[in-house]
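Single-structure report; data block below.
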Amino acid sequence: MSDYQAIRQELGAAKVLVETLRPWRNELAARLDELWRAGKPQSEILIPLTEFKVHAAEVANKVAAAALTVTGGYGYRRGPIERSFRDARAAIAIGPSNVIARDWIGKSLVGLPLELFYEGGE
């Protein structure tokens, strides 16, 4: 498979996407450690954690799709690629879903409460 330029490009694009997560993940981990040491709640960085969750779920989906593209029909057979694809798809829906998470992020940008339902906000 390594002889095909198109496959190498798919793999390269997937690698670049995965690498976008590393510095962000490390920064959030350091911030969580600081909060823990100070006895403060994780909710102090709820929005940055939510932003990371959305991006990581989307990256996982793109990388899983690339794995299916590279492996063709074999990737759909029961096994690690098929399982990774299902898990990546689930990451978008698992709470908060990316739809709700984006709403929270948007609400934080415009100064609205994060609750799904609030008086006058239906």
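Scheme for the structure tokens: letters A, B, ... for chains in order shown; per-chain residue numbers from 1; ligand numbers from 1 in order shown.
Near A:Lys15, within 12 Å and counting only C-alpha atoms, sit Arg8, Gln9, Leu21, Arg22, Val59, Ala60, Lys62, Val63, Ala64, Ala66 and Ala67 of chain A; same-chain residues fewer than 6 positions away were not included.
Restricting the calculation to only C-alpha atoms, the smallest distance between A:Ser2 and any of A:Ala30, A:Ile47, A:Val110, A:Val70 is found for A:Val70.
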Which of A:Thr50, A:Leu68, A:Glu115, A:Gly75 sits closest to A:Arg102 [using only C-alpha atoms]: A:Thr50
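One distance worth recording is that between atom CA of A:Arg89 and atom CA of A:Glu58, which is 8.7 Å.
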A:Leu112, A:Leu46, A:Ala56, A:Ile92 ranked by distance to A:Thr20, top pick (using only C-alpha atoms): A:Ala56
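Interatomic distance, atom CA of A:Ala57 to atom CA of A:Ala88: 6.4 Å.
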Filtered DSSP result for chain A, state helix (DSSP H, G or I), as number ranges by chain: A: 5-19, 21-38, 42-76, 80-93, 98-110
Distance criterion (only C-alpha atoms): nearest to A:Leu32 out of A:Leu114, A:Leu49, A:Ile105, A:Val18: A:Leu49
